[in-house]
file input12.csv (CSV, C-alpha atoms)
chain,number,residue,atom,x,y,z
A,1,MET,CA,98.6,137.2,115.1
A,2,ASP,CA,98.4,133.7,116.5
A,3,ILE,CA,99.1,130.6,114.5
A,4,ILE,CA,98.4,127.0,115.5
A,5,THR,CA,99.8,124.1,113.4
A,6,ILE,CA,98.4,120.6,113.8
A,7,SER,CA,100.4,117.6,112.8
A,8,ARG,CA,98.9,114.2,113.3
A,9,GLU,CA,98.8,110.4,112.9
A,10,PHE,CA,96.4,109.4,110.2
A,11,GLY,CA,93.0,108.7,111.9
A,12,SER,CA,93.7,110.5,115.2
A,13,GLY,CA,91.2,113.3,114.4
A,14,GLY,CA,93.4,116.1,113.2
A,15,ARG,CA,90.8,117.7,110.9
A,16,GLU,CA,88.0,117.5,113.4
A,17,VAL,CA,90.1,118.9,116.3
A,18,GLY,CA,91.4,121.6,113.9
A,19,MET,CA,87.9,122.7,112.7
A,20,LYS,CA,86.3,122.7,116.2
A,21,LEU,CA,89.3,124.5,117.7
A,22,ALA,CA,89.0,127.1,115.0
A,23,GLU,CA,85.4,127.5,115.8
A,24,HIS,CA,86.1,127.9,119.6
A,25,LEU,CA,88.9,130.4,119.1
A,26,ASP,CA,87.3,132.1,116.1
A,27,PHE,CA,90.5,131.4,114.0
A,28,ASP,CA,90.6,130.8,110.2
A,29,TYR,CA,91.0,127.2,109.3
A,30,TYR,CA,93.2,125.7,106.5
A,31,ASP,CA,93.5,122.1,105.4
A,32,LYS,CA,92.4,121.0,101.9
A,33,GLU,CA,92.2,124.6,100.9
A,34,ILE,CA,96.0,124.7,100.6
A,35,ILE,CA,96.0,121.7,98.2
A,36,ALA,CA,93.4,123.5,96.1
A,37,GLU,CA,95.4,126.7,96.0
A,38,ILE,CA,98.6,124.9,95.0
A,39,ALA,CA,96.7,123.0,92.3
A,40,LYS,CA,95.2,126.2,90.9
A,41,ASN,CA,98.5,128.1,90.9
A,42,LYS,CA,100.4,125.3,89.2
A,43,GLU,CA,97.6,124.2,87.0
A,44,LEU,CA,97.6,120.7,88.3
A,45,GLU,CA,95.0,118.2,89.5
A,46,GLU,CA,94.3,118.4,93.3
A,47,ASP,CA,94.8,114.6,93.5
A,48,PHE,CA,98.2,114.9,91.9
A,49,VAL,CA,99.3,117.6,94.3
A,50,GLU,CA,98.1,115.6,97.3
A,51,ARG,CA,100.1,112.6,96.2
A,52,ALA,CA,103.1,114.6,95.3
A,53,LEU,CA,103.2,116.0,98.8
A,54,GLU,CA,102.7,112.8,100.6
A,55,ASP,CA,105.4,110.3,99.9
A,56,GLN,CA,104.6,109.4,96.3
A,57,GLY,CA,106.8,112.2,95.1
A,58,TRP,CA,110.0,110.8,96.5
A,59,LYS,CA,111.6,107.8,94.9
A,60,ASN,CA,112.8,105.2,97.4
A,61,ILE,CA,116.5,105.7,96.5
A,62,PRO,CA,118.6,107.5,99.0
A,63,LEU,CA,121.3,109.5,97.1
A,64,THR,CA,124.6,110.9,98.0
A,65,TYR,CA,125.3,114.0,96.0
A,66,HIS,CA,128.5,116.0,96.4
A,67,GLY,CA,128.9,114.3,99.8
A,68,SER,CA,125.4,115.2,101.1
A,69,PHE,CA,122.6,112.8,101.5
A,70,GLY,CA,119.3,113.3,99.6
A,71,TYR,CA,116.4,111.8,97.8
A,72,LEU,CA,115.8,111.5,94.0
A,73,MET,CA,113.1,114.0,93.3
A,74,GLN,CA,111.1,114.7,90.2
A,75,PRO,CA,111.4,118.3,89.2
A,76,ILE,CA,107.6,118.6,89.2
A,77,ASN,CA,107.5,117.5,92.9
A,78,VAL,CA,110.1,120.0,93.9
A,79,ASP,CA,108.0,122.6,92.2
A,80,VAL,CA,104.8,121.5,94.1
A,81,LEU,CA,106.8,121.6,97.4
A,82,LEU,CA,108.0,125.1,96.8
A,83,GLU,CA,104.5,126.2,95.9
A,84,GLN,CA,103.3,124.7,99.1
A,85,LYS,CA,105.9,126.8,101.0
A,86,ARG,CA,104.7,129.9,99.2
A,87,VAL,CA,101.0,129.2,99.9
A,88,VAL,CA,101.6,128.5,103.6
A,89,GLU,CA,103.7,131.6,104.0
A,90,GLY,CA,101.1,133.6,102.2
A,91,ILE,CA,98.5,132.5,104.8
A,92,ALA,CA,100.8,133.7,107.6
A,93,LYS,CA,101.6,136.9,105.8
A,94,ALA,CA,97.9,137.7,105.6
A,95,GLY,CA,98.2,138.3,109.4
A,96,ARG,CA,95.0,136.7,110.6
A,97,ASP,CA,94.8,134.2,113.5
A,98,CYS,CA,94.7,130.7,111.9
A,99,ILE,CA,95.0,127.0,112.3
A,100,ILE,CA,96.8,125.0,109.6
A,101,VAL,CA,96.4,121.2,109.6
A,102,GLY,CA,99.3,119.3,108.1
A,103,ARG,CA,101.5,120.7,105.2
A,104,ASN,CA,104.6,120.8,107.5
A,105,ALA,CA,103.4,124.3,108.5
A,106,ASP,CA,105.2,124.0,111.8
A,107,THR,CA,108.5,124.0,110.1
A,108,ILE,CA,107.6,126.4,107.2
A,109,LEU,CA,106.3,129.0,109.6
A,110,GLU,CA,108.9,128.6,112.4
A,111,ALA,CA,109.7,132.3,112.3
A,112,TYR,CA,106.1,133.1,113.2
A,113,GLN,CA,106.4,131.1,116.4
A,114,PRO,CA,103.2,129.1,116.0
A,115,PHE,CA,101.8,126.8,118.7
A,116,ASN,CA,102.7,123.3,117.3
A,117,LEU,CA,100.3,120.5,118.2
A,118,PHE,CA,100.7,116.8,117.4
A,119,LEU,CA,97.8,114.4,117.7
A,120,CYS,CA,98.1,110.7,118.2
A,121,ALA,CA,95.9,107.7,119.2
A,122,ASP,CA,96.1,104.0,119.6
A,123,MET,CA,95.6,101.9,116.4
A,124,GLU,CA,92.1,100.7,117.5
A,125,SER,CA,90.8,104.2,117.9
A,126,LYS,CA,92.3,105.3,114.6
A,127,MET,CA,90.8,102.3,112.8
A,128,ASN,CA,87.4,103.1,114.3
A,129,ARG,CA,87.6,106.8,113.2
A,130,CYS,CA,88.8,105.8,109.7
A,131,ARG,CA,85.8,103.4,109.3
A,132,ARG,CA,83.4,106.1,110.4
A,133,ARG,CA,84.8,108.5,107.9
A,134,ALA,CA,85.5,106.1,105.0
A,135,PRO,CA,84.4,107.1,101.5
A,136,GLU,CA,81.2,105.3,100.6
A,137,GLY,CA,81.9,101.8,99.3
A,138,GLU,CA,85.3,101.5,100.8
A,139,GLN,CA,85.5,98.1,102.5
A,140,LEU,CA,89.0,97.5,103.9
A,141,SER,CA,89.8,94.5,106.1
A,142,ASP,CA,91.5,95.2,109.4
A,143,LYS,CA,94.9,94.3,107.9
A,144,GLU,CA,94.4,96.5,104.8
A,145,LEU,CA,93.3,99.4,107.0
A,146,ILE,CA,96.3,99.1,109.3
A,147,ARG,CA,98.5,99.0,106.3
A,148,LYS,CA,96.9,102.1,104.9
A,149,ILE,CA,97.3,104.0,108.2
A,150,ASN,CA,100.9,103.1,108.5
A,151,LYS,CA,101.6,104.0,104.9
A,152,VAL,CA,100.1,107.5,105.1
A,153,ASP,CA,102.1,108.1,108.3
A,154,LYS,CA,105.3,106.8,106.7
A,155,GLY,CA,104.8,109.2,103.8
A,156,ARG,CA,104.3,112.1,106.2
A,157,ALA,CA,107.4,111.2,108.1
A,158,ARG,CA,109.4,111.0,104.9
A,159,THR,CA,108.2,114.4,103.6
A,160,ARG,CA,109.0,116.0,106.9
A,161,GLU,CA,112.4,114.4,106.9
A,162,ILE,CA,113.1,116.0,103.5
A,163,ILE,CA,111.7,119.5,104.5
A,164,SER,CA,113.1,119.8,108.0
A,165,GLY,CA,115.7,118.5,110.3
A,166,SER,CA,113.5,117.1,113.1
A,167,ALA,CA,111.7,113.8,112.9
A,168,TRP,CA,108.0,113.6,112.4
A,169,GLY,CA,106.1,112.9,115.7
A,170,ASP,CA,109.3,113.5,117.8
A,171,ARG,CA,108.0,115.0,121.1
A,172,GLY,CA,110.7,117.7,121.2
A,173,ALA,CA,109.5,119.2,117.9
A,174,TYR,CA,106.0,120.1,119.2
A,175,HIS,CA,104.7,122.2,122.1
A,176,LEU,CA,102.1,119.6,122.9
A,177,THR,CA,101.5,116.0,121.9
A,178,LEU,CA,97.9,114.9,122.7
A,179,ASN,CA,96.5,111.4,122.7
A,180,THR,CA,92.9,111.8,121.4
A,181,ALA,CA,91.8,108.2,122.3
A,182,SER,CA,90.3,108.6,125.8
A,183,TRP,CA,87.8,111.4,125.3
A,184,GLU,CA,85.5,113.0,122.8
A,185,ILE,CA,86.8,115.5,120.2
A,186,GLU,CA,84.3,118.1,121.4
A,187,GLU,CA,85.6,117.9,125.0
A,188,ILE,CA,89.2,117.8,123.9
A,189,THR,CA,88.8,121.0,121.9
A,190,VAL,CA,87.2,123.0,124.7
A,191,ALA,CA,90.1,122.1,127.1
A,192,LEU,CA,92.7,122.6,124.3
A,193,ALA,CA,91.3,126.1,123.4
A,194,ASP,CA,91.9,127.3,126.9
A,195,PHE,CA,95.4,125.7,127.1
A,196,VAL,CA,96.5,127.3,123.8
A,197,LYS,CA,95.0,130.7,124.8
A,198,ALA,CA,97.2,130.6,128.0
A,199,TRP,CA,100.2,129.8,125.8
A,200,PHE,CA,99.6,132.7,123.5
A,201,GLU,CA,98.9,135.1,126.4
A,202,ARG,CA,102.0,134.1,128.5
A,203,PRO,CA,103.7,137.2,129.8
A,204,ASN,CA,107.2,136.4,128.6
A,205,ARG,CA,106.1,135.8,125.0
A,206,CYS,CA,108.5,137.7,122.7
B,1,MET,CA,89.6,109.7,143.3
B,2,ASP,CA,91.8,111.3,140.6
B,3,ILE,CA,95.4,110.3,140.1
B,4,ILE,CA,97.9,112.2,137.9
B,5,THR,CA,101.2,110.5,137.0
B,6,ILE,CA,104.2,112.5,135.7
B,7,SER,CA,107.0,110.9,133.7
B,8,ARG,CA,109.7,113.1,132.4
B,9,GLU,CA,113.0,113.7,130.8
B,10,PHE,CA,115.7,114.6,133.4
B,11,GLY,CA,115.8,118.4,133.7
B,12,SER,CA,112.4,119.1,132.1
B,13,GLY,CA,110.9,120.3,135.4
B,14,GLY,CA,108.9,117.3,136.5
B,15,ARG,CA,109.1,117.9,140.2
B,16,GLU,CA,108.4,121.6,139.9
B,17,VAL,CA,105.4,121.0,137.6
B,18,GLY,CA,104.2,118.2,139.9
B,19,MET,CA,104.4,120.3,143.1
B,20,LYS,CA,102.8,123.4,141.6
B,21,LEU,CA,100.1,121.4,140.0
B,22,ALA,CA,99.4,119.6,143.3
B,23,GLU,CA,99.1,123.1,144.9
B,24,HIS,CA,96.7,124.4,142.2
B,25,LEU,CA,94.5,121.3,142.3
B,26,ASP,CA,94.8,120.6,146.0
B,27,PHE,CA,96.1,117.1,145.4
B,28,ASP,CA,98.6,115.1,147.5
B,29,TYR,CA,102.1,115.0,146.1
B,30,TYR,CA,104.5,112.1,146.0
B,31,ASP,CA,108.0,111.9,144.7
B,32,LYS,CA,111.0,111.3,147.0
B,33,GLU,CA,108.5,110.2,149.7
B,34,ILE,CA,108.1,106.9,147.9
B,35,ILE,CA,111.9,106.2,148.0
B,36,ALA,CA,111.9,107.0,151.7
B,37,GLU,CA,109.0,104.7,152.3
B,38,ILE,CA,110.6,101.8,150.4
B,39,ALA,CA,113.9,102.4,152.2
B,40,LYS,CA,112.1,102.3,155.6
B,41,ASN,CA,110.1,99.2,154.8
B,42,LYS,CA,113.1,97.3,153.5
B,43,GLU,CA,115.6,98.7,156.0
B,44,LEU,CA,117.8,100.0,153.3
B,45,GLU,CA,119.6,103.4,152.6
B,46,GLU,CA,117.5,105.8,150.5
B,47,ASP,CA,120.5,106.2,148.1
B,48,PHE,CA,120.7,102.5,147.5
B,49,VAL,CA,117.0,102.3,146.8
B,50,GLU,CA,117.2,105.2,144.4
B,51,ARG,CA,120.1,103.6,142.5
B,52,ALA,CA,118.4,100.2,142.5
B,53,LEU,CA,115.3,101.7,140.8
B,54,GLU,CA,117.2,103.7,138.2
B,55,ASP,CA,119.2,101.5,135.9
B,56,GLN,CA,122.0,100.6,138.4
B,57,GLY,CA,120.0,97.5,139.5
B,58,TRP,CA,120.1,95.9,136.1
B,59,LYS,CA,123.2,94.3,134.7
B,60,ASN,CA,123.9,95.1,131.1
B,61,ILE,CA,123.6,91.6,129.9
B,62,PRO,CA,120.4,90.7,128.0
B,63,LEU,CA,119.5,87.1,128.8
B,64,THR,CA,117.5,84.5,127.2
B,65,TYR,CA,115.9,82.2,129.8
B,66,HIS,CA,113.6,79.3,128.7
B,67,GLY,CA,113.1,81.1,125.4
B,68,SER,CA,112.1,84.5,126.9
B,69,PHE,CA,114.2,87.6,126.9
B,70,GLY,CA,115.2,89.2,130.2
B,71,TYR,CA,117.8,91.0,132.2
B,72,LEU,CA,120.0,89.6,135.0
B,73,MET,CA,118.7,91.0,138.2
B,74,GLN,CA,120.1,91.0,141.7
B,75,PRO,CA,117.5,89.5,144.1
B,76,ILE,CA,117.7,92.6,146.3
B,77,ASN,CA,116.7,94.8,143.3
B,78,VAL,CA,113.7,92.6,142.5
B,79,ASP,CA,112.7,93.0,146.1
B,80,VAL,CA,113.0,96.8,145.9
B,81,LEU,CA,111.0,96.8,142.7
B,82,LEU,CA,108.2,94.8,144.3
B,83,GLU,CA,108.2,97.1,147.3
B,84,GLN,CA,107.9,100.1,145.0
B,85,LYS,CA,104.9,98.5,143.5
B,86,ARG,CA,103.4,97.9,146.9
B,87,VAL,CA,104.1,101.5,148.1
B,88,VAL,CA,102.7,103.1,144.9
B,89,GLU,CA,99.6,100.8,145.1
B,90,GLY,CA,99.2,101.8,148.7
B,91,ILE,CA,99.0,105.4,147.8
B,92,ALA,CA,96.2,104.7,145.3
B,93,LYS,CA,94.4,102.5,147.8
B,94,ALA,CA,94.3,105.4,150.3
B,95,GLY,CA,91.8,106.9,147.9
B,96,ARG,CA,92.9,110.5,147.9
B,97,ASP,CA,93.5,112.7,144.8
B,98,CYS,CA,97.2,112.7,144.2
B,99,ILE,CA,100.1,113.4,141.8
B,100,ILE,CA,103.0,110.9,141.6
B,101,VAL,CA,106.2,111.9,139.9
B,102,GLY,CA,108.2,109.0,138.3
B,103,ARG,CA,108.3,105.5,139.8
B,104,ASN,CA,106.5,104.1,136.7
B,105,ALA,CA,103.2,104.9,138.5
B,106,ASP,CA,101.4,105.2,135.2
B,107,THR,CA,101.9,101.5,134.5
B,108,ILE,CA,101.6,100.3,138.2
B,109,LEU,CA,98.3,102.1,138.6
B,110,GLU,CA,96.8,101.4,135.1
B,111,ALA,CA,93.7,100.0,136.7
B,112,TYR,CA,93.0,103.3,138.4
B,113,GLN,CA,92.9,105.1,135.0
B,114,PRO,CA,95.2,107.9,136.0
B,115,PHE,CA,95.9,110.9,133.8
B,116,ASN,CA,99.4,110.2,132.4
B,117,LEU,CA,101.6,113.2,131.7
B,118,PHE,CA,105.0,113.2,130.1
B,119,LEU,CA,107.3,116.2,130.2
B,120,CYS,CA,110.1,117.0,127.8
B,121,ALA,CA,112.3,119.9,126.8
B,122,ASP,CA,115.2,120.6,124.5
B,123,MET,CA,118.7,119.9,125.8
B,124,GLU,CA,119.6,123.6,126.3
B,125,SER,CA,116.6,124.2,128.6
B,126,LYS,CA,117.3,121.0,130.5
B,127,MET,CA,121.0,122.0,131.0
B,128,ASN,CA,119.9,125.4,132.3
B,129,ARG,CA,117.5,123.9,134.7
B,130,CYS,CA,120.0,121.3,135.9
B,131,ARG,CA,122.6,124.1,136.5
B,132,ARG,CA,120.1,126.2,138.5
B,133,ARG,CA,119.2,123.2,140.7
B,134,ALA,CA,122.7,121.6,141.0
B,135,PRO,CA,123.9,120.5,144.4
B,136,GLU,CA,126.3,123.1,145.8
B,137,GLY,CA,129.8,122.5,144.5
B,138,GLU,CA,128.8,120.5,141.5
B,139,GLN,CA,130.6,121.9,138.5
B,140,LEU,CA,130.0,119.8,135.4
B,141,SER,CA,131.2,120.8,131.9
B,142,ASP,CA,128.6,120.9,129.2
B,143,LYS,CA,129.7,117.6,127.9
B,144,GLU,CA,129.6,116.0,131.4
B,145,LEU,CA,126.1,117.4,132.0
B,146,ILE,CA,124.7,116.2,128.7
B,147,ARG,CA,126.2,112.8,129.5
B,148,LYS,CA,124.5,112.8,132.9
B,149,ILE,CA,121.1,113.8,131.5
B,150,ASN,CA,121.3,111.1,128.8
B,151,LYS,CA,122.4,108.5,131.4
B,152,VAL,CA,119.5,109.2,133.8
B,153,ASP,CA,117.0,109.0,130.9
B,154,LYS,CA,118.5,105.8,129.6
B,155,GLY,CA,118.1,104.3,133.1
B,156,ARG,CA,114.5,105.4,133.3
B,157,ALA,CA,113.8,103.9,129.8
B,158,ARG,CA,115.4,100.6,130.8
B,159,THR,CA,113.5,100.3,134.1
B,160,ARG,CA,110.3,101.0,132.3
B,161,GLU,CA,111.1,98.5,129.6
B,162,ILE,CA,111.5,95.9,132.3
B,163,ILE,CA,108.3,96.8,134.2
B,164,SER,CA,105.9,97.4,131.3
B,165,GLY,CA,105.4,96.7,127.7
B,166,SER,CA,105.4,100.2,126.3
B,167,ALA,CA,108.5,102.3,125.6
B,168,TRP,CA,109.4,105.2,127.9
B,169,GLY,CA,108.5,108.5,126.3
B,170,ASP,CA,106.4,106.9,123.6
B,171,ARG,CA,103.6,109.4,122.8
B,172,GLY,CA,101.0,106.6,122.7
B,173,ALA,CA,101.6,105.7,126.3
B,174,TYR,CA,100.6,109.1,127.8
B,175,HIS,CA,97.5,111.3,127.6
B,176,LEU,CA,99.6,114.4,127.1
B,177,THR,CA,103.2,115.0,126.3
B,178,LEU,CA,104.2,118.6,127.1
B,179,ASN,CA,107.3,120.5,126.1
B,180,THR,CA,108.2,122.8,129.0
B,181,ALA,CA,110.8,124.8,127.1
B,182,SER,CA,108.9,127.8,125.8
B,183,TRP,CA,107.1,129.1,128.9
B,184,GLU,CA,107.5,129.4,132.7
B,185,ILE,CA,106.5,126.5,134.9
B,186,GLU,CA,104.0,128.7,136.8
B,187,GLU,CA,102.2,129.5,133.6
B,188,ILE,CA,102.3,125.9,132.4
B,189,THR,CA,100.7,124.6,135.6
B,190,VAL,CA,97.8,127.0,135.6
B,191,ALA,CA,96.9,126.0,132.0
B,192,LEU,CA,97.6,122.3,132.8
B,193,ALA,CA,95.4,122.3,135.9
B,194,ASP,CA,92.4,123.4,133.8
B,195,PHE,CA,93.2,120.9,131.1
B,196,VAL,CA,93.5,118.0,133.5
B,197,LYS,CA,90.3,119.0,135.3
B,198,ALA,CA,88.4,118.9,132.0
B,199,TRP,CA,89.8,115.4,131.4
B,200,PHE,CA,88.7,114.1,134.8
B,201,GLU,CA,85.3,115.7,134.4
B,202,ARG,CA,84.6,114.4,130.9
B,203,PRO,CA,81.0,113.1,130.7
B,204,ASN,CA,81.9,109.7,129.3
B,205,ARG,CA,84.4,108.8,132.0
B,206,CYS,CA,83.8,105.3,133.2

call {"tool": "encode", "arguments": {"input": "input12.csv", "output": "structure tokens"}}
result
Amino acid sequence: MDIITISREFGSGGREVGMKLAEHLDFDYYDKEIIAEIAKNKELEEDFVERALEDQGWKNIPLTYHGSFGYLMQPINVDVLLEQKRVVEGIAKAGRDCIIVGRNADTILEAYQPFNLFLCADMESKMNRCRRRAPEGEQLSDKELIRKINKVDKGRARTREIISGSAWGDRGAYHLTLNTASWEIEEITVALADFVKAWFERPNRC
Amino acid sequence: MDIITISREFGSGGREVGMKLAEHLDFDYYDKEIIAEIAKNKELEEDFVERALEDQGWKNIPLTYHGSFGYLMQPINVDVLLEQKRVVEGIAKAGRDCIIVGRNADTILEAYQPFNLFLCADMESKMNRCRRRAPEGEQLSDKELIRKINKVDKGRARTREIISGSAWGDRGAYHLTLNTASWEIEEITVALADFVKAWFERPNRC
């Protein structure tokens, strides 16, 4: 079984790369489905789950508890986080080739040795992509959009910091960090599919 | 003409990837040759040129001069730096497909739109590689080797900071950041060659 995890800067095209890559490789694809599953299992609203998993769940107060550093967490958010872990592990246990976007799947599924991909892009490209995909009626100024992009990424970084040791976006934590700015997603995914296949088929894979 | 630049953490396999990739793609390969050319043109020792280009040339005193921030530079080092720029530009002007390892070629040759690759690896892999390639008789303790690796990278980061705006190793500054730790260089270069070819052949390349 081969697993690909995709972490990404907001607006760098993570969902699109994930979906097209899944198509090319004939892998299952998971993204929002995981949120839906957690919400169903915990009888919560999907919106609440999404917010609980991206920053909003953690208060901004660093704590020292019995000598170790931590964050103040609402019990409900701890619960959502544990359910996320169970759902993501459940996907891996099903044993099918799959791509998981976000959800810190790279750290949760470390034992399965997934291929961990990180996507980034310059701010202008990310703003353009966000504008093309904005919900109808959303009219953010440049300044507001930049603030939104930075806020989402900050939340992702914070959640990762809590779940795992390594920093979000740190090059050493991923097999490949790809800048999506200079070419089309369709072209990227064709090239990427071959690259990832070579990695999974390497002779010394254990 | 296609140009690939390779920046890298010390010990991550930059030279080896560069040479094998050049073989696979039938590109010219430049690394130490650039140092030799600068030394010849400026009538200096190669060792001196190498040190002048990697940290040793810059004093550790940040300066403010007429309101702008800078470093105290020896005139001879400025000279070496300018000669490096001329030599690297000369390679590009020759118009042949090539790979250049180090020398901040990605920033010097920005106008040529090279494919900019950054290589990294975890400390253990880098130490193993350094030990395998150490000059005969070099017997560094783990602590000394880690110090050496960090020192070289710090020098590279400083030189880049002086030459260009973007930070060394910053994911946004490269098209691809590749962790060389989990597979063999030979396998990496085969996969990488196809990936880079796809990038150069993308339909919207201008």

call {"tool": "interface_residues", "arguments": {"input": "input12.csv", "of": "chain B", "to": "chain A", "cutoff": "9 Å", "atoms": "all atoms listed in the file", "output": "ChimeraX atom specification"}}
result
/B:120-122,169-184,187-188,190-192,194-199,202-205

call {"tool": "residues_near_point", "arguments": {"input": "input12.csv", "point": "(99.8, 102.6, 144.2)", "cutoff": "12 Å", "atoms": "all atoms listed in the file", "output": "number ranges by chain"}}
result
B: 3-5, 30, 34, 82-100, 103-114

call {"tool": "atom_distance", "arguments": {"input": "input12.csv", "atom1": "atom CA of A:Arg8", "atom2": "atom CA of A:Gly102"}}
result
7.3 Å

call {"tool": "atom_distance", "arguments": {"input": "input12.csv", "atom1": "atom CA of A:Ser125", "atom2": "atom CA of A:Asp28"}}
result
27.7 Å

call {"tool": "residues_near_point", "arguments": {"input": "input12.csv", "point": "(86.0, 104.9, 110.4)", "cutoff": "12 Å", "atoms": "all atoms listed in the file", "output": "PyMOL selection string"}}
result
chain A and resi 10-13+123-136+138-142+145-146+149

call {"tool": "write_last_selection", "arguments": {"input": "input12.csv", "atoms": "C-alpha atoms", "output": "compact mmCIF listing (two decimals), in the frame of the given file"}}
result
# COMPACT_ATOMS: atom_id res chain seq x y z
CA PHE A 10 96.40 109.40 110.20
CA GLY A 11 93.00 108.70 111.90
CA SER A 12 93.70 110.50 115.20
CA GLY A 13 91.20 113.30 114.40
CA MET A 123 95.60 101.90 116.40
CA GLU A 124 92.10 100.70 117.50
CA SER A 125 90.80 104.20 117.90
CA LYS A 126 92.30 105.30 114.60
CA MET A 127 90.80 102.30 112.80
CA ASN A 128 87.40 103.10 114.30
CA ARG A 129 87.60 106.80 113.20
CA CYS A 130 88.80 105.80 109.70
CA ARG A 131 85.80 103.40 109.30
CA ARG A 132 83.40 106.10 110.40
CA ARG A 133 84.80 108.50 107.90
CA ALA A 134 85.50 106.10 105.00
CA PRO A 135 84.40 107.10 101.50
CA GLU A 136 81.20 105.30 100.60
CA GLU A 138 85.30 101.50 100.80
CA GLN A 139 85.50 98.10 102.50
CA LEU A 140 89.00 97.50 103.90
CA SER A 141 89.80 94.50 106.10
CA ASP A 142 91.50 95.20 109.40
CA LEU A 145 93.30 99.40 107.00
CA ILE A 146 96.30 99.10 109.30
CA ILE A 149 97.30 104.00 108.20
